[in-house]
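Shown here: target_26.txt, compact mmCIF, C-alpha atoms and all ligand atoms.
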# COMPACT_ATOMS: atom_id res chain seq x y z
CA MET A 1 -13.06 -6.96 12.12
CA ASN A 2 -10.57 -7.36 14.96
CA GLU A 3 -6.94 -8.34 14.56
CA ILE A 4 -7.21 -11.81 16.05
CA LEU A 5 -9.84 -12.75 13.48
CA VAL A 6 -7.65 -11.50 10.62
CA TYR A 7 -4.74 -13.38 12.17
CA ARG A 8 -6.72 -16.65 12.25
CA TRP A 9 -7.73 -16.33 8.59
CA LEU A 10 -4.16 -15.55 7.56
CA LEU A 11 -2.92 -18.55 9.49
CA TRP A 12 -5.39 -20.88 7.75
CA ALA A 13 -4.28 -19.46 4.41
CA TRP A 14 -0.67 -20.02 5.47
CA PHE A 15 -1.34 -23.74 5.72
CA ALA A 16 -3.30 -23.96 2.45
CA LEU A 17 -1.02 -21.89 0.19
CA PRO A 18 2.15 -24.02 0.46
CA VAL A 19 0.20 -27.01 -0.85
CA ILE A 20 -0.73 -25.05 -3.99
CA ILE A 21 2.78 -23.58 -4.28
CA PHE A 22 4.40 -26.99 -3.87
CA VAL A 23 2.43 -28.52 -6.74
CA SER A 24 2.83 -25.42 -8.98
CA LEU A 25 6.59 -25.26 -8.54
CA PHE A 26 6.98 -28.70 -10.12
CA PHE A 27 5.63 -27.13 -13.34
CA VAL A 28 6.98 -23.56 -13.11
CA THR A 29 10.38 -22.74 -11.58
CA ALA A 30 10.65 -19.31 -9.93
CA PRO A 31 12.44 -17.24 -12.62
CA TYR A 32 15.53 -15.93 -10.88
CA GLY A 33 19.21 -16.97 -10.82
CA ARG A 34 19.94 -19.75 -13.35
CA HIS A 35 16.20 -20.16 -14.08
CA ALA A 36 15.67 -16.47 -15.01
CA LYS A 37 13.88 -15.79 -18.31
CA ARG A 38 15.50 -13.14 -20.49
CA THR A 39 12.24 -11.24 -21.12
CA GLY A 40 13.58 -7.75 -20.34
CA GLY A 41 10.63 -7.00 -18.00
CA PRO A 42 10.99 -4.70 -14.97
CA SER A 43 13.71 -5.85 -12.60
CA LEU A 44 16.18 -4.80 -9.92
CA PRO A 45 19.80 -5.91 -9.47
CA ALA A 46 19.70 -9.20 -7.55
CA TRP A 47 21.51 -7.79 -4.47
CA LEU A 48 18.90 -5.01 -4.13
CA GLY A 49 16.08 -7.47 -4.79
CA TRP A 50 17.27 -9.60 -1.85
CA VAL A 51 17.47 -6.57 0.47
CA VAL A 52 13.98 -5.40 -0.51
CA MET A 53 12.23 -8.77 -0.42
CA GLU A 54 13.77 -10.02 2.84
CA SER A 55 13.59 -6.77 4.86
CA PRO A 56 9.97 -7.33 6.00
CA SER A 57 11.15 -10.47 7.83
CA VAL A 58 13.55 -8.42 9.95
CA ILE A 59 11.21 -5.45 10.44
CA ALA A 60 7.83 -7.19 10.90
CA PHE A 61 9.20 -9.65 13.46
CA ALA A 62 11.09 -6.87 15.32
CA ALA A 63 7.96 -4.68 15.39
CA CYS A 64 5.83 -7.53 16.83
CA TRP A 65 8.49 -8.17 19.44
CA LEU A 66 8.86 -4.48 20.37
CA PHE A 67 5.11 -4.04 20.82
CA GLY A 68 4.51 -7.48 22.36
CA ARG A 69 5.82 -9.58 25.25
CA ARG A 70 9.54 -9.24 25.80
CA THR A 71 10.53 -12.15 28.02
CA PRO A 72 13.61 -14.40 28.16
CA VAL A 73 11.82 -16.84 25.84
CA THR A 74 10.83 -14.24 23.25
CA TRP A 75 14.37 -12.84 23.46
CA ALA A 76 15.67 -16.30 22.52
CA PHE A 77 13.26 -16.54 19.56
CA PHE A 78 14.12 -13.00 18.51
CA ALA A 79 17.84 -13.87 18.54
CA LEU A 80 17.39 -17.03 16.42
CA TRP A 81 15.10 -15.33 13.90
CA GLN A 82 17.33 -12.28 13.47
CA LEU A 83 20.48 -14.42 13.30
CA HIS A 84 19.06 -15.89 10.12
CA TYR A 85 17.34 -12.87 8.65
CA VAL A 86 19.93 -10.16 9.34
CA ASN A 87 22.38 -12.38 7.48
CA ARG A 88 19.97 -13.17 4.63
CA THR A 89 18.89 -9.52 4.19
CA TYR A 90 21.94 -7.39 4.89
CA ILE A 91 24.99 -9.67 4.58
CA PHE A 92 24.23 -12.42 2.03
CA PRO A 93 23.34 -10.02 -0.85
CA PHE A 94 26.71 -8.27 -0.50
CA ARG A 95 28.68 -11.53 -0.51
CA MET A 96 27.04 -12.97 -3.65
CA ARG A 97 29.12 -12.85 -6.83
CA GLY A 98 27.23 -11.82 -9.96
CA ALA A 99 24.84 -9.90 -7.73
CA SER A 100 24.05 -7.29 -10.37
CA LYS A 101 22.11 -9.82 -12.50
CA PRO A 102 18.49 -8.65 -12.97
CA MET A 103 15.86 -10.09 -10.63
CA PRO A 104 12.26 -9.68 -11.92
CA LEU A 105 10.03 -7.32 -9.93
CA GLY A 106 7.31 -10.01 -9.87
CA VAL A 107 9.60 -12.38 -7.93
CA ILE A 108 10.57 -9.57 -5.54
CA ALA A 109 6.93 -8.56 -4.99
CA GLY A 110 5.84 -12.16 -4.30
CA ALA A 111 8.67 -12.72 -1.83
CA PHE A 112 8.05 -9.33 -0.18
CA PHE A 113 4.43 -10.33 0.48
CA PHE A 114 5.56 -13.72 1.81
CA THR A 115 8.17 -12.32 4.23
CA LEU A 116 5.80 -9.63 5.47
CA VAL A 117 2.96 -12.03 6.32
CA ASN A 118 5.31 -14.72 7.59
CA GLY A 119 7.22 -12.32 9.88
CA TYR A 120 3.93 -11.00 11.22
CA LEU A 121 2.38 -14.45 11.80
CA ASN A 122 5.45 -15.81 13.60
CA GLY A 123 6.21 -12.64 15.56
CA ARG A 124 2.66 -12.03 16.64
CA TRP A 125 2.08 -15.63 17.73
CA LEU A 126 5.19 -15.70 19.88
CA THR A 127 4.77 -12.28 21.48
CA ALA A 128 1.00 -11.81 21.67
CA PHE A 129 -1.49 -14.44 20.45
CA GLY A 130 0.25 -17.68 21.45
CA PRO A 131 0.65 -18.90 25.02
CA ALA A 132 3.06 -16.89 27.21
CA LEU A 133 5.94 -19.34 27.65
CA GLY A 134 7.82 -19.14 30.96
CA THR A 135 11.59 -19.50 31.30
CA GLY A 136 11.05 -23.25 31.90
CA TRP A 137 10.47 -23.50 28.11
CA LEU A 138 14.18 -22.82 27.58
CA THR A 139 15.02 -26.23 29.09
CA ASP A 140 12.06 -28.07 27.53
CA PRO A 141 13.32 -30.86 25.19
CA ARG A 142 11.29 -29.36 22.30
CA PHE A 143 13.06 -26.02 22.65
CA VAL A 144 16.49 -27.53 23.21
CA ALA A 145 16.22 -29.97 20.26
CA GLY A 146 14.56 -27.38 18.01
CA ALA A 147 17.13 -24.67 18.72
CA ALA A 148 19.97 -27.17 18.18
CA LEU A 149 18.41 -28.24 14.86
CA PHE A 150 18.02 -24.59 13.87
CA LEU A 151 21.71 -23.88 14.56
CA VAL A 152 22.87 -27.01 12.72
CA GLY A 153 20.72 -26.00 9.71
CA PHE A 154 22.07 -22.46 9.86
CA ALA A 155 25.66 -23.75 9.86
CA ILE A 156 24.95 -26.05 6.87
CA ASN A 157 23.25 -23.19 4.98
CA GLN A 158 26.11 -20.78 5.71
CA HIS A 159 28.79 -23.23 4.62
CA ALA A 160 26.94 -24.16 1.44
CA ASP A 161 26.34 -20.52 0.48
CA ARG A 162 30.01 -19.72 1.14
CA VAL A 163 31.15 -22.52 -1.20
CA LEU A 164 28.96 -21.02 -3.95
CA PHE A 165 30.34 -17.49 -3.42
CA HIS A 166 33.88 -18.77 -3.91
CA LEU A 167 33.13 -20.50 -7.20
CA ARG A 168 33.23 -17.18 -9.03
CA ALA A 169 36.04 -14.66 -9.30
CA PRO A 170 34.90 -11.03 -8.90
CA GLY A 171 32.96 -10.03 -12.03
CA GLU A 172 32.26 -13.64 -13.15
CA THR A 173 28.66 -14.74 -13.66
CA GLY A 174 28.97 -18.33 -14.99
CA TYR A 175 28.41 -21.63 -13.17
CA LYS A 176 30.81 -24.35 -11.97
CA ILE A 177 30.34 -27.65 -10.15
CA PRO A 178 30.40 -26.95 -6.39
CA ARG A 179 32.43 -29.38 -4.30
CA GLY A 180 33.22 -30.03 -0.63
CA GLY A 181 31.13 -30.48 2.51
CA LEU A 182 27.61 -31.69 1.83
CA TYR A 183 28.01 -30.97 -1.91
CA ARG A 184 29.59 -34.39 -1.99
CA TRP A 185 26.09 -35.79 -1.43
CA VAL A 186 23.59 -33.24 -2.71
CA SER A 187 23.32 -30.43 -5.26
CA CYS A 188 21.59 -28.00 -2.87
CA PRO A 189 22.89 -28.26 0.71
CA ASN A 190 21.99 -24.57 1.17
CA TYR A 191 18.32 -25.54 0.69
CA LEU A 192 18.71 -28.61 2.91
CA GLY A 193 20.19 -26.41 5.67
CA GLU A 194 17.34 -23.94 5.29
CA ILE A 195 14.73 -26.71 5.63
CA ILE A 196 16.48 -28.10 8.73
CA GLU A 197 16.58 -24.59 10.24
CA TRP A 198 12.88 -23.90 9.89
CA SER A 199 11.90 -27.42 10.97
CA GLY A 200 13.95 -26.71 14.12
CA TRP A 201 12.13 -23.40 14.47
CA ALA A 202 8.75 -25.16 14.26
CA LEU A 203 9.84 -27.56 17.00
CA ALA A 204 11.42 -24.91 19.25
CA THR A 205 8.42 -22.57 19.02
CA TRP A 206 5.85 -25.41 19.04
CA SER A 207 3.60 -23.05 17.14
CA PRO A 208 1.22 -23.29 14.16
CA ALA A 209 2.93 -20.28 12.56
CA GLY A 210 6.31 -22.02 12.86
CA LEU A 211 4.90 -25.24 11.39
CA ALA A 212 3.31 -23.37 8.48
CA PHE A 213 6.65 -21.67 7.78
CA ALA A 214 8.49 -25.02 7.76
CA LEU A 215 5.92 -26.33 5.23
CA TRP A 216 6.40 -23.23 3.07
CA THR A 217 10.15 -23.77 3.09
CA VAL A 218 9.79 -27.36 1.89
CA ALA A 219 7.19 -26.30 -0.69
CA ASN A 220 9.57 -23.66 -2.10
CA LEU A 221 12.88 -25.42 -1.92
CA LEU A 222 12.20 -29.09 -2.67
CA PRO A 223 10.95 -28.44 -6.25
CA ARG A 224 13.70 -25.82 -6.77
CA ALA A 225 16.38 -28.30 -5.63
CA ARG A 226 15.01 -30.77 -8.18
CA ALA A 227 15.15 -28.09 -10.90
CA HIS A 228 18.74 -27.12 -9.95
CA HIS A 229 19.82 -30.77 -9.90
CA ARG A 230 18.37 -31.44 -13.36
CA TRP A 231 19.98 -28.26 -14.65
CA TYR A 232 23.42 -29.32 -13.31
CA ARG A 233 23.10 -32.73 -14.90
CA ALA A 234 22.11 -31.21 -18.25
CA GLN A 235 24.95 -28.64 -18.15
CA PHE A 236 27.84 -30.77 -16.90
CA PRO A 237 28.39 -34.22 -18.49
CA ASP A 238 30.90 -35.01 -15.69
CA TYR A 239 28.44 -34.11 -12.90
CA PRO A 240 28.94 -36.55 -9.98
CA THR A 241 26.47 -39.41 -10.43
CA GLU A 242 26.17 -40.28 -6.73
CA ARG A 243 24.96 -36.76 -5.91
CA ARG A 244 21.24 -36.35 -5.18
CA ALA A 245 19.17 -33.14 -5.33
CA LEU A 246 18.41 -32.42 -1.68
CA VAL A 247 18.55 -35.41 0.68
CA PRO A 248 21.70 -37.58 0.67
CA LEU A 249 21.10 -41.04 -0.91
CA VAL A 250 17.33 -40.43 -1.12
CA PHE A 251 16.19 -37.54 -3.33
N1 LIG A 301 13.13 -20.07 3.05
C1 LIG A 301 12.87 -20.09 1.74
O1 LIG A 301 11.76 -20.42 1.32
C2 LIG A 301 13.95 -19.71 0.75
C3 LIG A 301 13.61 -19.48 -0.60
C4 LIG A 301 14.61 -19.15 -1.49
C5 LIG A 301 15.93 -19.06 -1.08
N2 LIG A 301 16.24 -19.26 0.22
C6 LIG A 301 17.65 -19.20 0.66
O2 LIG A 301 18.31 -18.09 0.06
C7 LIG A 301 19.63 -18.45 -0.36
C8 LIG A 301 19.81 -18.16 -1.85
O3 LIG A 301 18.84 -18.88 -2.59
P1 LIG A 301 19.02 -19.08 -4.16
O4 LIG A 301 17.78 -19.76 -4.64
O5 LIG A 301 19.47 -17.81 -4.81
O6 LIG A 301 20.26 -20.12 -4.16
P2 LIG A 301 21.21 -20.59 -5.34
O7 LIG A 301 20.46 -20.74 -6.61
O8 LIG A 301 21.95 -21.76 -4.81
O9 LIG A 301 22.23 -19.34 -5.55
C9 LIG A 301 22.92 -18.75 -4.48
C10 LIG A 301 24.05 -17.87 -5.04
O10 LIG A 301 25.12 -18.68 -5.53
C11 LIG A 301 25.28 -18.52 -6.95
N3 LIG A 301 25.48 -19.88 -7.49
C12 LIG A 301 24.63 -20.92 -7.34
N4 LIG A 301 25.13 -22.03 -7.93
C13 LIG A 301 26.31 -21.66 -8.50
C14 LIG A 301 27.29 -22.36 -9.27
N5 LIG A 301 27.15 -23.67 -9.54
N6 LIG A 301 28.38 -21.69 -9.72
C15 LIG A 301 28.51 -20.37 -9.41
N7 LIG A 301 27.63 -19.65 -8.67
C16 LIG A 301 26.53 -20.28 -8.22
C17 LIG A 301 24.00 -17.88 -7.44
O11 LIG A 301 24.23 -17.14 -8.63
P3 LIG A 301 23.02 -16.81 -9.68
O12 LIG A 301 22.07 -15.91 -8.92
O13 LIG A 301 23.74 -16.14 -10.79
O14 LIG A 301 22.38 -18.12 -10.06
C18 LIG A 301 23.63 -17.01 -6.23
O15 LIG A 301 24.42 -15.85 -6.23
C19 LIG A 301 19.82 -19.93 0.00
O16 LIG A 301 20.57 -20.04 1.18
C20 LIG A 301 18.41 -20.44 0.21
O17 LIG A 301 18.38 -21.47 1.17
C21 LIG A 301 15.28 -19.57 1.13
What would you get if you wrote out this structure as structure tokens?
Ligand SMILES: NC(=O)c1ccc[n+]([C@@H]2O[C@H](COP(=O)([O-])OP(=O)(O)OC[C@H]3O[C@@H](n4cnc5c(N)ncnc54)[C@H](OP(=O)(O)O)[C@@H]3O)[C@@H](O)[C@H]2O)c1
Amino acid sequence: MNEILVYRWLLWAWFALPVIIFVSLFFVTAPYGRHAKRTGGPSLPAWLGWVVMESPSVIAFAACWLFGRRTPVTWAFFALWQLHYVNRTYIFPFRMRGASKPMPLGVIAGAFFFTLVNGYLNGRWLTAFGPALGTGWLTDPRFVAGAALFLVGFAINQHADRVLFHLRAPGETGYKIPRGGLYRWVSCPNYLGEIIEWSGWALATWSPAGLAFALWTVANLLPRARAHHRWYRAQFPDYPTERRALVPLVF
């Protein structure tokens, strides 16, 4: 079986799986962070879990790019992708407070598989199997709007994560009500920023792999935002009533 055939099958699966995941996550919340179950099963400290499970995104995409087309357009995609993933893999885990909490190996293994396949599908499409985009793509409205959306989402995600880091003093592991910025409107602006980022990526790359990734992000984070929001409301009687879960004024 040749690689392009395997690629096509994986891509089809990458559109089907988020539908199943989306529905499932309304019934079962991924057991890490505040939703962790204290079962005492095999686990790693959360910071190490993040490094392990996100590393394939950095490495798989970089490998595709190194062995594929390296043009001004793929340089631009490489820069956007690694801007997000170098932060998520090698900076974010060391800024979290309470990062030694156990993260189940099952969660890490599932995410490792996801980031590996997703990095490969996106990297390989852009540098080998998709159309070779000329430098004119860098001024195409889809690229310009998509890249702008990506950067806006990244900024929202960064700010929201930073607010969370500062809620805890070193050594603390409890939860407080986050405030400021988009927390005025929603419980999970970090997830909203992430969804905006990968929707921008789908637009800028104009690729099926990018679209599938954006769908995955919604499938993962929309039900989790709902679970976080319900958790906040159950924990804090004074939780702001005007705040929604993910989308200001809507959801
Ligand atoms: N693309 C995707 O599909 C995807 C999937 C998952 C996550 N992500 C991204 O990865 C990042 C982390 O995700 P996550 O699910 O771990 O986010 P999260 O539940 O919001 O937690 C982020 C960090 O902040 C801490 N924290 C959260 N709420 C807090 C509060 N009220 N008081 C004190 N500390 C609080 C958490 O501690 P605890 O760990 O102790 O709860 C954790 O260290 C986010 O930026 C998210 O967008 C992306």
* Asked: For Arg34 in chain A, which residue out of A:Leu133, A:Leu105, A:Ala227, A:Val250 is the nearest one, using only C-alpha atoms?
  ->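 Smallest distance to Arg34 in chain A is found for A:Ala227.
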* To do: Identify, counting all atoms listed in the file, the protein, DNA and RNA residues located within 6 Å of ligand LIG 301 (chain A), and give them as a list in words.
  =>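 Result of the 6 Å neighbour search around ligand LIG 301 (chain A): Gly33, Arg34, Met96, Arg97, Gly98, Asn157, Asp161, Leu164, Phe165, Leu167, Arg168, Thr173, Gly174, Tyr175, Lys176, Ile177, Pro178, Asn190, Tyr191, Glu194, Thr217 and Asn220 of chain A.
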* **Shortest interatomic distance to Leu151 in chain A - which of A:Phe15, A:Trp137, A:Trp201, A:Phe129, counting all atoms listed in the file** =>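 For Leu151 in chain A, the nearest of the given residues is A:Trp201.
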* Up to 9 Å from (6.4, -25.1, 2.0) in the file's coordinates: name the residues, counting only C-alpha atoms, as a ChimeraX atom specification. => /A:15,17-19,21-22,212-222
* To do: Quote the spacing between CA of Pro31 in chain A and CA of Trp81 in chain A in Å to one decimal place.
  =>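 CA of Trp81 in chain A lies 26.7 Å from CA of Pro31 in chain A.
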